[in-house]
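Enquirer: Input file: target_14.cif. Contents: mmCIF, C-alpha atoms.
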data_final
loop_
_atom_site.label_atom_id
_atom_site.label_comp_id
_atom_site.auth_asym_id
_atom_site.auth_seq_id
_atom_site.Cartn_x
_atom_site.Cartn_y
_atom_site.Cartn_z
CA MET A 109 45.87 32.02 137.42
CA ARG A 110 44.79 29.69 134.60
CA SER A 111 47.00 31.48 132.08
CA LYS A 112 49.92 31.28 134.52
CA LEU A 113 49.44 27.56 135.03
CA LEU A 114 49.04 26.98 131.29
CA TYR A 115 52.16 29.02 130.58
CA LEU A 116 54.27 27.25 133.17
CA ALA A 117 52.98 23.80 132.21
CA VAL A 118 53.39 24.05 128.44
CA LEU A 119 56.67 25.98 128.22
CA PRO A 120 58.90 23.06 129.29
CA LEU A 121 56.97 20.80 126.89
CA CYS A 122 57.68 23.20 124.03
CA LEU A 123 61.35 23.14 124.93
CA ILE A 124 61.39 19.35 124.95
CA LEU A 125 59.71 19.18 121.54
CA ALA A 126 61.98 21.80 120.00
CA ALA A 127 65.18 20.95 118.19
CA CYS A 128 67.83 21.35 120.87
CA PRO A 129 71.54 22.07 120.40
CA ASN A 130 73.80 19.08 121.04
CA THR A 131 76.90 20.74 122.49
CA PRO A 132 77.15 22.21 126.00
CA TYR A 133 77.98 25.60 124.44
CA GLY A 134 74.90 25.37 122.21
CA LYS A 135 72.76 24.49 125.22
CA ALA A 136 74.27 27.40 127.17
CA VAL A 137 73.57 30.06 124.53
CA LYS A 138 70.12 28.55 123.87
CA LEU A 139 69.30 29.02 127.56
CA GLY A 140 70.31 32.69 127.35
CA LEU A 141 68.16 33.11 124.25
CA ASP A 142 65.15 31.36 125.83
CA VAL A 143 65.47 33.50 128.95
CA THR A 144 65.58 36.79 127.04
CA ASP A 145 62.65 35.69 124.86
CA THR A 146 60.65 34.81 127.97
CA ILE A 147 61.45 38.21 129.47
CA HIS A 148 60.37 39.91 126.22
CA THR A 149 57.08 38.01 126.28
CA GLY A 150 56.75 38.91 129.96
CA ALA A 151 57.19 42.62 129.16
CA ASP A 152 54.50 42.36 126.47
CA THR A 153 52.23 40.63 128.98
CA VAL A 154 52.86 43.23 131.69
CA ASP A 155 51.91 46.03 129.29
CA LYS A 156 48.70 44.21 128.33
CA LEU A 157 47.87 43.68 132.02
CA ARG A 158 48.13 47.45 132.59
CA LEU A 159 46.01 48.16 129.50
CA ASN A 160 43.24 45.82 130.73
CA GLY A 161 43.31 47.42 134.18
CA THR A 162 44.98 44.62 136.13
CA LEU A 163 48.15 46.65 136.84
CA THR A 164 48.49 50.34 137.62
CA VAL A 165 50.96 52.56 135.76
CA ALA A 166 53.31 52.54 138.76
CA GLU A 167 53.08 48.75 139.01
CA GLU A 168 53.87 48.32 135.31
CA ARG A 169 56.88 50.62 135.72
CA ALA A 170 58.10 48.51 138.66
CA ALA A 171 57.50 45.26 136.78
CA LEU A 172 59.29 46.49 133.64
CA THR A 173 62.24 47.68 135.74
CA TYR A 174 62.37 44.22 137.34
CA LEU A 175 62.28 42.53 133.91
CA ASN A 176 64.98 44.90 132.62
CA THR A 177 67.21 43.85 135.52
CA LEU A 178 66.57 40.17 134.72
CA ASN A 179 67.46 40.82 131.08
CA ASP A 180 70.69 42.59 132.06
CA LEU A 181 71.64 39.66 134.30
CA ASP A 182 70.97 37.25 131.45
CA VAL A 183 72.63 39.14 128.60
CA ASN A 184 75.54 40.73 130.45
CA VAL A 185 76.45 38.60 133.47
CA TYR A 186 75.39 35.17 132.19
CA GLY A 187 76.37 35.99 128.59
CA ASP A 188 79.87 37.06 129.63
CA CYS A 189 80.24 33.96 131.81
CA VAL A 190 79.30 31.71 128.87
CA LYS A 191 81.69 33.56 126.54
CA ALA A 192 84.53 33.13 129.03
CA ALA A 193 83.74 29.42 129.45
CA HIS A 194 83.59 28.96 125.68
CA ALA A 195 86.94 30.75 125.20
CA ALA A 196 88.45 28.38 127.76
CA SER A 197 87.03 25.38 125.85
CA GLY A 198 84.52 25.01 128.65
CA THR A 199 82.97 21.82 129.84
CA ALA A 200 79.32 21.27 130.70
CA GLN A 201 80.28 21.89 134.32
CA ALA A 202 81.62 25.36 133.45
CA TYR A 203 78.38 26.30 131.71
CA SER A 204 76.40 24.79 134.57
CA ALA A 205 78.24 27.11 136.97
CA CYS A 206 77.18 30.08 134.81
CA ALA A 207 73.57 28.90 134.84
CA THR A 208 73.64 28.29 138.60
CA SER A 209 74.96 31.80 139.17
CA LEU A 210 72.15 33.20 136.97
CA ALA A 211 69.58 31.12 138.88
CA ASN A 212 70.85 32.49 142.18
CA SER A 213 70.69 36.07 140.88
CA VAL A 214 67.17 35.67 139.48
CA SER A 215 65.85 34.20 142.73
CA ASP A 216 67.49 36.87 144.90
CA PRO A 217 64.76 38.11 147.30
CA LYS A 218 66.14 41.67 147.02
CA LEU A 219 65.22 41.69 143.34
CA LEU A 220 61.61 40.72 144.01
CA ALA A 221 61.42 43.16 146.93
CA GLU A 222 62.08 46.01 144.50
CA LEU A 223 58.87 45.24 142.62
CA HIS A 224 56.73 47.44 144.90
CA ILE A 225 53.48 45.91 143.67
CA THR A 226 51.02 46.09 146.52
CA ASN A 227 48.24 43.96 145.04
CA PRO A 228 49.20 40.35 145.90
CA GLN A 229 47.49 38.94 142.79
CA SER A 230 49.33 41.36 140.51
CA GLN A 231 52.63 40.64 142.24
CA GLN A 232 51.99 36.93 141.78
CA LYS A 233 51.45 37.41 138.04
CA VAL A 234 54.69 39.34 137.63
CA ALA A 235 56.57 36.92 139.89
CA SER A 236 55.31 34.04 137.72
CA ILE A 237 57.38 35.47 134.85
CA GLY A 238 60.46 35.25 137.08
CA GLN A 239 59.40 31.73 138.03
CA ALA A 240 59.16 30.76 134.35
CA VAL A 241 62.72 32.05 133.90
CA SER A 242 63.86 30.05 136.93
CA ASN A 243 62.23 26.92 135.51
CA LEU A 244 64.06 27.40 132.20
CA ILE A 245 67.39 27.74 134.00
CA GLN A 246 66.77 24.68 136.17
CA THR A 247 65.90 22.61 133.08
CA ALA A 248 69.19 23.70 131.49
CA ILE A 249 71.19 22.91 134.64
CA ASN A 250 69.68 19.41 134.59
CA GLY A 251 70.74 19.14 130.94
CA PHE A 252 74.30 20.19 131.79
CA ALA A 253 74.40 17.52 134.50
CA VAL A 254 73.47 14.88 131.93
CA ALA A 255 76.10 16.23 129.52
CA ALA A 256 78.73 16.20 132.29
CA GLN A 257 77.96 12.54 132.97
CA LYS A 258 78.61 11.86 129.29
CA GLY A 259 82.01 13.52 129.69
CA GLN A 260 81.18 16.62 127.62
CA MET B 212 41.27 47.43 139.20
CA ALA B 213 39.70 44.52 137.30
CA ASN B 214 37.80 41.88 139.26
CA PRO B 215 39.89 38.68 138.97
CA LEU B 216 36.68 36.64 138.71
CA ASP B 217 35.34 38.78 135.87
CA PRO B 218 34.86 36.47 132.82
CA VAL B 219 36.24 39.17 130.53
CA ALA B 220 39.38 39.44 132.67
CA ILE B 221 39.77 35.65 132.61
CA ILE B 222 39.39 35.56 128.81
CA ASN B 223 41.90 38.41 128.47
CA ALA B 224 44.40 36.59 130.70
CA ALA B 225 43.94 33.36 128.72
CA ALA B 226 44.45 35.24 125.44
CA ILE B 227 47.67 36.77 126.78
CA GLY B 228 48.90 33.30 127.82
CA ILE B 229 48.08 31.77 124.42
CA ASN B 230 49.77 34.65 122.59
CA ALA B 231 52.87 34.16 124.73
CA LEU B 232 52.96 30.46 123.88
CA LEU B 233 52.49 31.07 120.17
CA SER B 234 55.33 33.60 120.29
CA ILE B 235 57.66 31.14 122.02
CA ILE B 236 56.72 28.27 119.67
CA GLY B 237 57.36 30.56 116.70
CA ASN B 238 60.78 31.43 118.07
CA LEU B 239 61.61 27.77 118.63
CA LYS B 240 60.61 26.85 115.07
CA ALA B 241 62.81 29.66 113.76
CA GLN B 242 65.75 28.36 115.81
CA ALA B 243 65.58 24.76 114.54
CA GLY B 244 68.69 23.73 112.61
CA LEU B 245 70.81 26.73 113.60
CA THR B 246 74.48 26.40 114.54
CA ASP B 247 75.68 27.23 118.05
CA GLU B 248 77.26 30.45 116.81
CA GLN B 249 74.03 31.50 115.10
CA ILE B 250 72.12 30.87 118.33
CA ALA B 251 74.74 32.91 120.21
CA GLU B 252 74.20 35.78 117.76
CA MET B 253 70.43 35.47 118.23
CA PHE B 254 70.94 35.57 122.00
CA ALA B 255 72.78 38.89 121.75
CA ALA B 256 70.30 40.33 119.24
CA HIS B 257 67.22 39.24 121.19
CA GLY B 258 68.75 40.57 124.39
CA ASP B 259 69.12 43.98 122.75
CA ALA B 260 65.60 43.75 121.30
CA THR B 261 64.16 42.89 124.72
CA LYS B 262 65.95 45.83 126.33
CA ALA B 263 64.66 48.13 123.59
CA ALA B 264 61.11 46.81 123.97
CA ILE B 265 61.16 47.39 127.73
CA ALA B 266 62.55 50.90 127.21
CA GLY B 267 59.77 51.53 124.70
CA TYR B 268 57.05 50.38 127.09
CA LEU B 269 58.54 52.53 129.87
CA ALA B 270 58.70 55.59 127.59
CA ALA B 271 55.09 55.10 126.48
CA LEU B 272 53.68 54.88 130.01
CA PRO B 273 51.21 57.63 130.89
CA PRO B 274 51.84 59.73 134.01
CA ASP B 275 50.97 58.07 137.32
CA ALA B 276 47.33 58.56 138.29
#
Mind turning the file's structure into structure tokens?

Expert:
Amino acid sequence: MRSKLLYLAVLPLCLILAACPNTPYGKAVKLGLDVTDTIHTGADTVDKLRLNGTLTVAEERAALTYLNTLNDLDVNVYGDCVKAAHAASGTAQAYSACATSLANSVSDPKLLAELHITNPQSQQKVASIGQAVSNLIQTAINGFAVAAQKGQ
Amino acid sequence: MANPLDPVAIINAAAIGINALLSIIGNLKAQAGLTDEQIAEMFAAHGDATKAAIAGYLAALPPDA
């Protein structure tokens, strides 16, 4: 629980402190990159949780399958949406629509229902990775809204 | 199943969280000053790397108990 809170609290701070792209396209691809990096870290974490006995083998398999689906949504669906928006000289609103679609996919209850992790605490830990991804996306959507107000 | 109140489990969980943060901070430092196109290339490459890592973890899993 403490690690989850620390992770969720500090991640947005790191993003604020980091050098951020200035264009809407830069922000859009940076979001995709941050999401896939978070998923990668989540997969590493899930494996460690199984090794220290917190997750069973079956639960790790379910969690990794869930994370693989999130990664596919990010790289393929969101990535293709961003490419299409960029090719059309997209505005911040176009990229925001891509991010909103990704947010809706990530928070789809059907996706979480496929986790099949019976231990509530373990499910919460895995779900917190999805929540971290959702927080990243929401931060980016807020950024696109600011960019849209500037006419970008 | 580990006891969630076990001090060792708490320390392990904290270590995992700190490692995750260090990894993300390292990635962010590496991304500073990159062009949009370079970030887009990193997005594609990291996406592939993440998929490969997940496949590797899945392949290395022992049989279900």

Enquirer: Tell me which protein, DNA and RNA residues are within 9 Å of stretch 230-234 of chain A, counting all atoms listed in the file, leaving out same-chain ones fewer than 3 positions away, and put them as a list in words.

Expert: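 Neighbouring residues, sequence-local ones excluded: Met109, Lys112, Gly150, Val154, Leu157, Thr162, Leu163, Glu167, Ala171, Leu223, His224, Ile225, Thr226, Asn227, Ile237, Gly238 and Gln239 of chain A.
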
Enquirer: If you measure from atom CA of A:Thr177 to atom CA of A:Ala195, what distance in Å do you get, rounded to one decimal?

Expert: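 It comes out at 25.8 Å.
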
Enquirer: Contacts from chain A to chain B, 6 Å maximum, only C-alpha atoms: show me the residue list as a PyMOL selection string.

Expert: chain A and resi 111+127+134+137+141+144+148-149+161-162+165+183

Enquirer: Kindly export the residues of the current selection with C-alpha atoms, as an mmCIF file, in the frame of the given file.

Expert:
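And here's again_16.cif as it stands now:
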data_model
loop_
_atom_site.group_PDB
_atom_site.id
_atom_site.type_symbol
_atom_site.label_atom_id
_atom_site.label_comp_id
_atom_site.auth_asym_id
_atom_site.auth_seq_id
_atom_site.Cartn_x
_atom_site.Cartn_y
_atom_site.Cartn_z
ATOM 1 C CA SER A 111 47.000 31.480 132.080
ATOM 2 C CA ALA A 127 65.180 20.950 118.190
ATOM 3 C CA GLY A 134 74.900 25.370 122.210
ATOM 4 C CA VAL A 137 73.570 30.060 124.530
ATOM 5 C CA LEU A 141 68.160 33.110 124.250
ATOM 6 C CA THR A 144 65.580 36.790 127.040
ATOM 7 C CA HIS A 148 60.370 39.910 126.220
ATOM 8 C CA THR A 149 57.080 38.010 126.280
ATOM 9 C CA GLY A 161 43.310 47.420 134.180
ATOM 10 C CA THR A 162 44.980 44.620 136.130
ATOM 11 C CA VAL A 165 50.960 52.560 135.760
ATOM 12 C CA VAL A 183 72.630 39.140 128.600
#

Enquirer: Any idea what the distance is between atom CA of A:Gln257 and atom CA of A:Ala211?

Expert: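 So the answer is 21.2 Å.
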
Enquirer: Tell me, in Å to one decimal, how far atom CA of A:Ile245 is from atom CA of A:Lys218.

Expert: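 Going from atom CA of A:Ile245 over to atom CA of A:Lys218, I get 19.1 Å.
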